[in-house]
file target.cif (mmCIF, C-alpha atoms)
data_query
#
loop_
_atom_site.label_atom_id
_atom_site.label_comp_id
_atom_site.auth_asym_id
_atom_site.auth_seq_id
_atom_site.Cartn_x
_atom_site.Cartn_y
_atom_site.Cartn_z
CA MET M 1 95.82 23.88 83.98
CA ALA M 2 94.94 23.66 87.66
CA ASP M 3 96.44 27.08 88.43
CA LYS M 4 94.18 28.95 86.03
CA ARG M 5 91.23 30.84 87.50
CA ASP M 6 87.76 30.37 86.13
CA TYR M 7 87.20 32.87 83.31
CA TYR M 8 83.83 33.96 84.70
CA GLU M 9 85.49 34.55 88.06
CA VAL M 10 88.26 36.57 86.39
CA LEU M 11 85.73 38.94 84.82
CA GLY M 12 83.49 38.91 87.89
CA VAL M 13 80.32 37.87 86.03
CA GLU M 14 77.77 35.07 86.28
CA LYS M 15 78.04 32.09 83.95
CA GLY M 16 74.97 33.15 81.97
CA ALA M 17 76.14 36.75 81.48
CA ASP M 18 75.23 38.29 78.12
CA ALA M 19 77.66 39.92 75.68
CA GLY M 20 77.02 43.43 76.99
CA THR M 21 77.74 42.43 80.57
CA LEU M 22 80.94 40.68 79.51
CA LYS M 23 82.15 43.72 77.60
CA LYS M 24 81.36 46.09 80.46
CA ALA M 25 83.20 43.86 82.95
CA TYR M 26 86.21 43.52 80.67
CA TYR M 27 86.29 47.25 79.95
CA LYS M 28 86.50 47.99 83.66
CA LEU M 29 89.35 45.53 84.27
CA ALA M 30 91.30 46.51 81.16
CA LYS M 31 91.15 50.16 82.12
CA LYS M 32 92.25 49.38 85.67
CA TYR M 33 95.18 47.08 84.84
CA HIS M 34 96.35 48.39 81.46
CA PRO M 35 100.18 48.68 81.31
CA ASP M 36 100.00 52.33 80.28
CA ALA M 37 98.19 53.08 83.53
CA ASN M 38 100.49 50.88 85.61
CA PRO M 39 104.03 51.21 84.22
CA GLY M 40 106.40 48.63 85.70
CA ASP M 41 103.67 46.93 87.77
CA LYS M 42 104.07 43.18 87.11
CA VAL M 43 100.97 42.24 89.11
CA ALA M 44 98.81 44.62 87.06
CA GLU M 45 100.41 43.27 83.89
CA GLU M 46 99.47 39.69 84.79
CA LYS M 47 95.91 40.69 85.67
CA PHE M 48 95.64 42.53 82.37
CA LYS M 49 96.74 39.42 80.47
CA GLU M 50 94.35 37.27 82.49
CA ALA M 51 91.41 39.56 81.71
CA ASN M 52 92.33 39.62 78.00
CA GLU M 53 92.47 35.84 77.92
CA ALA M 54 89.13 35.45 79.69
CA TYR M 55 87.32 37.96 77.52
CA GLU M 56 88.74 36.56 74.27
CA ILE M 57 87.34 33.13 75.11
CA LEU M 58 83.97 34.19 76.55
CA SER M 59 83.21 36.81 73.91
CA ASP M 60 83.44 34.20 71.14
CA PRO M 61 80.26 32.01 71.14
CA ASP M 62 82.06 28.91 69.82
CA LYS M 63 84.97 29.17 72.23
CA ARG M 64 82.62 29.93 75.09
CA ALA M 65 80.57 26.83 74.34
CA LYS M 66 83.73 24.68 74.40
CA TYR M 67 84.88 26.32 77.62
CA ASP M 68 81.50 25.78 79.30
CA GLN M 69 81.69 22.06 78.36
CA PHE M 70 85.36 21.22 78.91
CA GLY M 71 86.78 24.13 80.90
CA HIS M 72 90.40 25.13 80.37
CA ALA M 73 91.15 21.70 78.93
CA ALA M 74 89.37 22.72 75.73
CA PHE M 75 92.31 25.00 74.89
CA ASP M 76 95.20 22.91 76.23
CA PRO M 77 97.27 21.43 73.33
CA SER M 78 98.47 18.62 75.57
CA MET M 79 94.84 17.59 76.04
CA GLY M 80 94.06 17.60 72.35
CA GLY M 81 92.10 20.83 72.51
CA GLY M 82 90.84 21.88 69.13
CA ASP M 83 92.06 25.48 69.36
CA GLY M 84 95.69 24.63 70.06
CA GLY M 85 96.09 26.75 73.15
CA PHE M 86 96.36 30.47 72.59
CA GLY M 87 97.17 29.97 68.96
CA GLY M 88 93.40 30.07 68.57
CA PHE M 89 93.49 33.67 69.72
CA GLY M 90 94.90 34.81 66.43
CA GLY M 91 98.44 34.67 67.82
CA PHE M 92 97.68 36.90 70.84
CA GLY M 93 100.66 38.93 69.68
CA GLY M 94 98.57 42.00 68.90
CA PHE M 95 94.97 43.03 68.82
CA GLY M 96 94.66 43.09 65.05
CA ASP M 97 92.54 39.93 64.96
CA PHE M 98 90.68 40.57 68.18
CA GLY M 99 88.09 42.86 66.63
CA ASP M 100 86.00 43.84 69.61
CA LEU M 101 89.00 43.78 71.96
CA GLY M 102 90.90 46.23 69.79
CA ASP M 103 87.94 48.59 69.61
CA ILE M 104 87.49 48.58 73.40
CA LEU M 105 91.14 49.27 74.19
CA GLY M 106 91.43 51.75 71.36
CA GLY M 107 88.49 53.71 72.75
CA MET M 108 90.09 53.85 76.20
CA PHE M 109 93.69 54.56 75.28
CA GLY M 110 93.59 56.64 72.14
CA GLY M 111 92.79 54.18 69.40
CA GLY M 112 94.97 52.11 67.13
CA PHE M 113 95.31 48.87 69.12
CA GLY M 114 96.44 46.60 66.29
CA GLY M 115 94.70 47.69 63.14
CA GLY M 116 92.20 49.92 64.89
CA ARG M 117 91.02 53.15 63.35
CA GLN M 118 93.67 55.79 62.72
CA ARG M 119 92.63 59.37 63.37
CA ARG M 120 93.76 61.60 60.54
CA ASN M 121 93.89 65.39 60.69
CA GLY M 122 90.39 66.51 59.82
CA PRO M 123 88.64 69.88 60.13
CA VAL M 124 88.53 71.21 63.71
CA PRO M 125 85.74 73.68 64.59
CA GLY M 126 86.77 76.95 66.21
CA ASP M 127 85.90 77.74 69.82
CA ASP M 128 82.97 79.92 70.85
CA ILE M 129 83.75 83.31 72.41
CA GLY M 130 81.85 85.01 75.21
CA ALA M 131 81.19 88.76 75.36
CA SER M 132 78.83 91.07 77.23
CA VAL M 133 76.91 94.24 76.53
CA SER M 134 75.11 96.61 78.92
CA ILE M 135 71.90 98.38 77.87
CA SER M 136 69.24 100.54 79.52
CA PHE M 137 65.77 99.37 80.53
CA GLU M 138 64.22 101.28 77.61
CA GLU M 139 66.76 99.88 75.13
CA ALA M 140 65.85 96.37 76.26
CA ALA M 141 62.18 97.17 75.75
CA PHE M 142 62.41 98.72 72.30
CA GLY M 143 65.63 97.23 70.88
CA VAL M 144 68.88 98.96 70.02
CA LYS M 145 72.07 98.63 67.99
CA LYS M 146 75.30 98.45 69.97
CA ASP M 147 78.94 98.50 68.89
CA ILE M 148 81.07 95.88 70.60
CA SER M 149 84.78 95.04 70.47
CA TYR M 150 86.33 91.68 71.28
CA ASN M 151 89.43 89.57 70.61
CA ARG M 152 89.33 86.43 68.52
CA ILE M 153 91.74 83.87 67.03
CA CYS M 154 91.64 84.00 63.26
CA ARG M 155 93.41 82.53 60.28
CA CYS M 156 96.66 84.34 59.51
CA GLY M 157 96.17 86.60 56.48
CA GLU M 158 99.86 86.59 55.65
CA CYS M 159 100.09 82.83 55.04
CA ASN M 160 96.36 82.09 54.71
CA GLY M 161 96.58 79.76 57.69
CA SER M 162 99.30 77.48 56.32
CA GLY M 163 101.93 78.63 58.81
CA ALA M 164 104.55 78.74 56.04
CA ALA M 165 106.25 81.90 54.84
CA LYS M 166 105.19 83.43 51.53
CA GLY M 167 106.62 81.57 48.57
CA THR M 168 106.98 78.36 50.59
CA SER M 169 104.61 75.65 51.66
CA ALA M 170 104.33 73.08 54.39
CA GLU M 171 105.69 69.63 53.53
CA THR M 172 104.11 66.30 54.34
CA CYS M 173 105.71 64.71 57.38
CA THR M 174 107.85 61.77 56.28
CA VAL M 175 107.44 60.00 59.61
CA CYS M 176 103.64 59.77 59.78
CA HIS M 177 103.08 60.39 56.05
CA GLY M 178 100.69 63.22 56.75
CA SER M 179 98.37 61.37 59.14
CA GLY M 180 99.66 63.10 62.27
CA GLN M 181 99.58 59.71 64.01
CA VAL M 182 102.18 56.99 64.46
CA ARG M 183 101.80 53.40 65.60
CA ARG M 184 103.87 52.19 68.52
CA VAL M 185 104.48 48.60 69.59
CA GLN M 186 105.00 47.69 73.24
CA ARG M 187 106.15 44.19 74.15
CA MET M 188 105.65 42.57 77.52
CA GLY M 189 106.17 38.97 78.49
CA GLY M 190 105.95 37.57 75.00
CA MET M 191 102.93 39.74 74.13
CA SER M 192 102.90 42.85 71.97
CA PHE M 193 100.49 45.75 72.18
CA GLN M 194 100.05 48.24 69.40
CA SER M 195 98.81 51.76 70.07
CA THR M 196 98.46 54.93 68.03
CA GLY M 197 99.46 58.42 69.20
CA PRO M 198 100.44 61.85 67.91
CA CYS M 199 103.54 62.00 65.76
CA ASP M 200 106.45 63.58 67.64
CA SER M 201 108.09 64.82 64.47
CA CYS M 202 105.23 67.06 63.34
CA ARG M 203 103.40 67.31 66.70
CA GLY M 204 100.37 65.63 65.23
CA THR M 205 99.84 68.12 62.41
CA GLY M 206 100.97 65.85 59.58
CA LYS M 207 103.00 68.77 58.15
CA ILE M 208 106.53 70.04 58.53
CA ILE M 209 107.09 73.80 58.18
CA LYS M 210 110.73 74.53 57.34
CA THR M 211 110.28 78.31 56.84
CA PRO M 212 107.63 79.62 59.27
CA CYS M 213 105.49 82.65 58.53
CA SER M 214 106.97 85.71 60.28
CA LYS M 215 103.55 87.03 61.31
CA CYS M 216 102.07 83.93 62.98
CA ARG M 217 105.42 82.20 63.63
CA GLY M 218 104.26 79.04 61.93
CA GLN M 219 101.03 78.68 63.90
CA GLY M 220 98.74 79.64 61.03
CA MET M 221 96.56 81.57 63.50
CA VAL M 222 96.81 85.08 64.97
CA ARG M 223 94.87 87.12 67.53
CA GLU M 224 92.85 90.06 66.25
CA ASN M 225 90.57 92.70 67.71
CA LYS M 226 87.23 92.76 65.93
CA LYS M 227 84.43 95.32 66.07
CA LEU M 228 80.81 94.54 65.30
CA THR M 229 77.48 96.33 65.40
CA VAL M 230 75.01 94.07 67.17
CA SER M 231 71.24 94.35 66.86
CA ILE M 232 69.63 93.81 70.27
CA PRO M 233 66.02 92.70 69.71
CA ALA M 234 63.13 94.47 71.43
CA GLY M 235 61.93 92.64 74.53
CA ILE M 236 65.22 91.02 75.50
CA ASP M 237 65.64 90.46 79.24
CA HIS M 238 68.55 90.70 81.66
CA GLY M 239 70.91 87.71 81.41
CA GLU M 240 69.62 86.50 78.04
CA ARG M 241 72.15 85.72 75.31
CA ILE M 242 72.51 86.39 71.61
CA ALA M 243 74.50 84.01 69.38
CA LEU M 244 76.25 85.39 66.31
CA ARG M 245 77.10 82.39 64.18
CA GLY M 246 80.60 82.15 62.79
CA GLN M 247 81.92 85.20 64.65
CA GLY M 248 83.98 83.21 67.17
CA ASN M 249 87.46 81.76 66.71
CA ASP M 250 88.34 80.42 63.27
CA GLY M 251 88.53 76.66 62.89
CA LYS M 252 91.61 74.70 61.89
CA ASN M 253 92.17 72.57 58.80
CA GLY M 254 89.16 74.13 57.11
CA GLY M 255 86.86 73.67 60.13
CA PRO M 256 84.00 76.13 60.68
CA ALA M 257 84.40 79.15 62.95
CA GLY M 258 82.86 79.16 66.40
CA ASP M 259 80.15 81.54 67.56
CA LEU M 260 80.16 84.80 69.47
CA ILE M 261 77.87 84.46 72.49
CA ILE M 262 76.80 87.86 73.85
CA THR M 263 75.28 88.08 77.32
CA VAL M 264 72.96 91.07 77.76
CA SER M 265 72.99 93.04 81.01
CA VAL M 266 69.99 95.35 81.54
CA LYS M 267 70.38 98.29 83.92
CA PRO M 268 67.62 98.70 86.54
CA HIS M 269 65.00 101.43 86.05
CA ASN M 270 64.30 104.10 88.64
CA ILE M 271 60.52 103.58 88.46
CA PHE M 272 59.67 100.30 86.76
CA GLU M 273 60.37 96.70 87.66
CA ARG M 274 60.03 93.88 85.17
CA ASP M 275 58.63 90.36 85.48
CA GLY M 276 58.60 88.58 82.15
CA TYR M 277 56.88 90.91 79.70
CA HIS M 278 54.90 92.82 82.36
CA ILE M 279 56.22 95.92 84.11
CA TYR M 280 55.21 97.25 87.52
CA CYS M 281 55.35 100.57 89.34
CA GLU M 282 53.78 102.42 92.25
CA VAL M 283 51.81 105.67 91.89
CA PRO M 284 51.17 107.92 94.92
CA LEU M 285 47.70 109.41 95.47
CA THR M 286 46.56 112.14 97.83
CA VAL M 287 43.82 111.38 100.35
CA ALA M 288 41.46 113.57 98.35
CA GLU M 289 42.28 111.82 95.04
CA ALA M 290 41.72 108.38 96.56
CA THR M 291 38.56 109.50 98.31
CA LEU M 292 36.90 111.55 95.57
CA GLY M 293 38.44 109.93 92.51
CA ALA M 294 40.66 111.76 90.05
CA GLU M 295 42.24 111.76 86.63
CA ILE M 296 45.97 111.22 87.10
CA ASP M 297 49.10 110.88 84.97
CA VAL M 298 50.51 107.34 84.93
CA PRO M 299 54.11 106.92 83.68
CA THR M 300 54.66 104.46 80.83
CA LEU M 301 57.71 103.57 78.74
CA LYS M 302 56.47 106.00 76.09
CA GLY M 303 55.52 108.89 78.33
CA ASN M 304 52.66 109.71 80.71
CA GLU M 305 49.14 108.48 80.07
CA LYS M 306 45.88 109.73 81.59
CA TYR M 307 43.99 107.32 83.81
CA THR M 308 40.81 107.85 85.86
CA ILE M 309 40.98 106.63 89.46
CA PRO M 310 37.51 105.79 90.86
CA GLU M 311 36.36 107.37 94.11
CA GLY M 312 36.94 105.40 97.27
CA THR M 313 40.11 103.75 95.93
CA GLN M 314 41.90 101.88 98.70
CA PRO M 315 45.68 101.88 99.31
CA GLY M 316 47.43 99.05 97.45
CA THR M 317 44.77 98.76 94.75
CA LYS M 318 46.23 97.61 91.42
CA PHE M 319 45.25 98.86 87.98
CA THR M 320 46.33 97.52 84.57
CA LEU M 321 47.15 99.29 81.34
CA ARG M 322 46.89 96.61 78.67
CA GLY M 323 49.67 96.39 76.10
CA LYS M 324 51.85 99.02 77.79
CA GLY M 325 54.53 96.62 78.97
CA ILE M 326 57.48 94.96 77.25
CA PRO M 327 57.16 93.79 73.63
CA TYR M 328 57.39 90.03 73.09
CA VAL M 329 60.60 89.04 71.30
CA ASN M 330 59.54 88.31 67.71
CA GLY M 331 55.96 88.60 68.97
CA ASN M 332 54.54 90.51 65.98
CA GLY M 333 53.56 93.54 68.02
CA ARG M 334 52.33 91.75 71.14
CA CYS M 335 53.24 93.39 74.43
CA GLY M 336 52.87 92.70 78.10
CA ASP M 337 50.94 94.97 80.47
CA LEU M 338 51.80 97.82 82.78
CA ILE M 339 50.45 97.16 86.26
CA PHE M 340 50.55 100.02 88.76
CA ARG M 341 49.65 100.00 92.43
CA VAL M 342 48.40 103.11 94.20
CA GLN M 343 49.82 104.29 97.49
CA VAL M 344 47.69 106.78 99.43
CA GLU M 345 49.92 109.39 100.98
CA ILE M 346 48.86 110.68 104.39
CA PRO M 347 49.56 114.41 104.72
CA LYS M 348 52.11 115.60 107.29
CA GLY M 349 52.77 118.99 108.94
CA LEU M 350 49.13 120.19 108.97
CA ASN M 351 48.50 123.67 110.36
CA ASP M 352 45.75 124.38 112.88
CA LYS M 353 43.21 125.34 110.25
CA GLN M 354 43.86 122.13 108.28
CA LYS M 355 43.61 120.04 111.43
CA GLU M 356 40.28 121.59 112.32
CA ALA M 357 39.01 120.89 108.83
CA MET M 358 40.17 117.29 109.09
CA LYS M 359 38.43 116.86 112.46
CA ALA M 360 35.24 118.26 111.04
CA PHE M 361 35.48 115.92 108.09
CA ALA M 362 36.05 112.93 110.38
CA GLU M 363 33.07 113.84 112.58
CA SER M 364 30.88 114.16 109.52
CA CYS M 365 31.63 110.60 108.41
CA GLY M 366 29.55 107.77 109.79
CA ASP M 367 30.32 104.07 110.15
CA SER M 368 28.98 103.44 106.67
CA ASN M 369 31.89 105.43 105.24
CA TYR M 370 34.42 103.07 106.89
CA ALA M 371 33.20 99.54 106.25
CA LYS M 372 36.52 97.83 107.04
CA HIS M 373 36.93 99.82 110.26
CA LYS M 374 33.42 98.90 111.38
CA GLN M 375 33.87 95.22 110.47
CA PHE M 376 37.18 94.99 112.34
CA PHE M 377 35.82 96.22 115.65
CA LYS M 378 32.70 94.17 115.19
CA LYS M 379 34.88 91.06 115.13
CA ILE M 380 36.64 92.17 118.30
CA PHE M 381 33.71 93.32 120.46
CA GLY M 382 30.87 91.47 118.82
CA ALA M 383 27.77 92.85 117.17
CA LYS M 384 26.12 95.86 118.83
#
call {"tool": "encode", "arguments": {"input": "target.cif", "output": "structure tokens"}}
result
Amino acid sequence: MADKRDYYEVLGVEKGADAGTLKKAYYKLAKKYHPDANPGDKVAEEKFKEANEAYEILSDPDKRAKYDQFGHAAFDPSMGGGDGGFGGFGGFGGFGDFGDLGDILGGMFGGGFGGGRQRRNGPVPGDDIGASVSISFEEAAFGVKKDISYNRICRCGECNGSGAAKGTSAETCTVCHGSGQVRRVQRMGGMSFQSTGPCDSCRGTGKIIKTPCSKCRGQGMVRENKKLTVSIPAGIDHGERIALRGQGNDGKNGGPAGDLIITVSVKPHNIFERDGYHIYCEVPLTVAEATLGAEIDVPTLKGNEKYTIPEGTQPGTKFTLRGKGIPYVNGNGRCGDLIFRVQVEIPKGLNDKQKEAMKAFAESCGDSNYAKHKQFFKKIFGAK
């Protein structure tokens, strides 16, 4: 017994480690040294056995208590150990009696380590499908119906998804008896390991098709082009997605169909820009309109609307038309705002008469007419 390493040292844990720590440490070692991951590696095989042995003792409270008191001698038949060596491990020939050990290894390597759970062929959900649709700025604002076309995988109508030709049916696989899984036993150094994997005979389907359907060639599924009319809700924004439930690929073995996920692309507008549910634009004003005030036409998504600009309006001033923006999606009539900023356009190409009139106008204005101008130079030169 002198050549055996301490079980705590084997797993790399402290002597007082709890069950969760032990399991985590064992999981890491078992994954690293498992024979399936290290075919033909004798060193890895020995380390795998050593980790199994250590975890089987330390994970059992009674065996752990004996080990903590007597060490390896507690399980040495020549020393009168009560567990009779590794016979106390349930034979150590497979993981059927290991319980927790079988679950851990089954989870890592596909299940079925000695009496573990077998995975039968159950319903498999269909995959989702992605599609895209392009709409105008106005269509995004007010909603629209669009026709789209896309390809999907669907159940074969000729054989109703069975894969077998008309008048025939698929037969239960005699190798796996319809489970799609078979148990394999691997023996190494006097130990046997049981694992479960897909049946080679039926490729994991559990069925044998002797006369395949001519349309789907025994697959039970075919590709089709489908056309749908999609309702785009008012207020949708660029990059947002719409999910149509059950319009994706059909599922297998009676599983539900996937979804069709449509990504909406909104074309830019030549006047408006959008931020959330508000829209923005710029409106040019003449010097006279900004100076004297004016009633102007402001563009909206539903046509022009009259708006009165107050006299003395400065360049860059913003005005808001409430409720003239984008409708809230499912917002019961609520809408964002339209916010427009005025830009005062300075006239170019004046003739002599216009220039003289402008000079006369400038000379007629005093400092009180240009408060910002006066304040600026006051800061520079000081009060006068």
call {"tool": "atom_distance", "arguments": {"input": "target.cif", "atom1": "CA of Thr211 (chain M)", "atom2": "CA of Asn249 (chain M)"}}
result
25.1 Å
call {"tool": "resolve_selection", "arguments": {"input": "target.cif", "expression": "the PyMOL selection byres ((chain M and resi 135) around 12)", "output": "PyMOL selection string"}}
result
chain M and resi 132-134+136-148+230-239+263-269
call {"tool": "axis_aligned_box", "arguments": {"input": "target.cif", "around": "region 133-137 of chain M", "padding_each_side": "8 Å", "output": "JSON"}}
result
{"center_x": 71.3, "center_y": 97.4, "center_z": 78.5, "size_x": 27.1, "size_y": 22.3, "size_z": 20.0}
call {"tool": "residues_around", "arguments": {"input": "target.cif", "residues": "Ile339 (chain M)", "least_positions_apart": "2", "cutoff": "9 Å", "atoms": "all atoms listed in the file", "output": "PyMOL selection string"}}
result
chain M and resi 278-282+318-322+324-325+337+341
call {"tool": "residues_near_point", "arguments": {"input": "target.cif", "point": "(105.9, 61.5, 59.9)", "cutoff": "9 Å", "atoms": "all atoms listed in the file", "output": "list in words"}}
result
Thr172, Cys173, Thr174, Val175, Cys176, His177, Gly178, Ser179, Gly180, Gln181, Val182, Cys199, Asp200, Ser201, Cys202, Gly204, Gly206, Lys207 and Ile208 of chain M
call {"tool": "atom_distance", "arguments": {"input": "target.cif", "atom1": "CA of Glu345 (chain M)", "atom2": "CA of Thr291 (chain M)"}}
result
11.7 Å
call {"tool": "atom_distance", "arguments": {"input": "target.cif", "atom1": "CA of Gly255 (chain M)", "atom2": "CA of Ala170 (chain M)"}}
result
18.4 Å
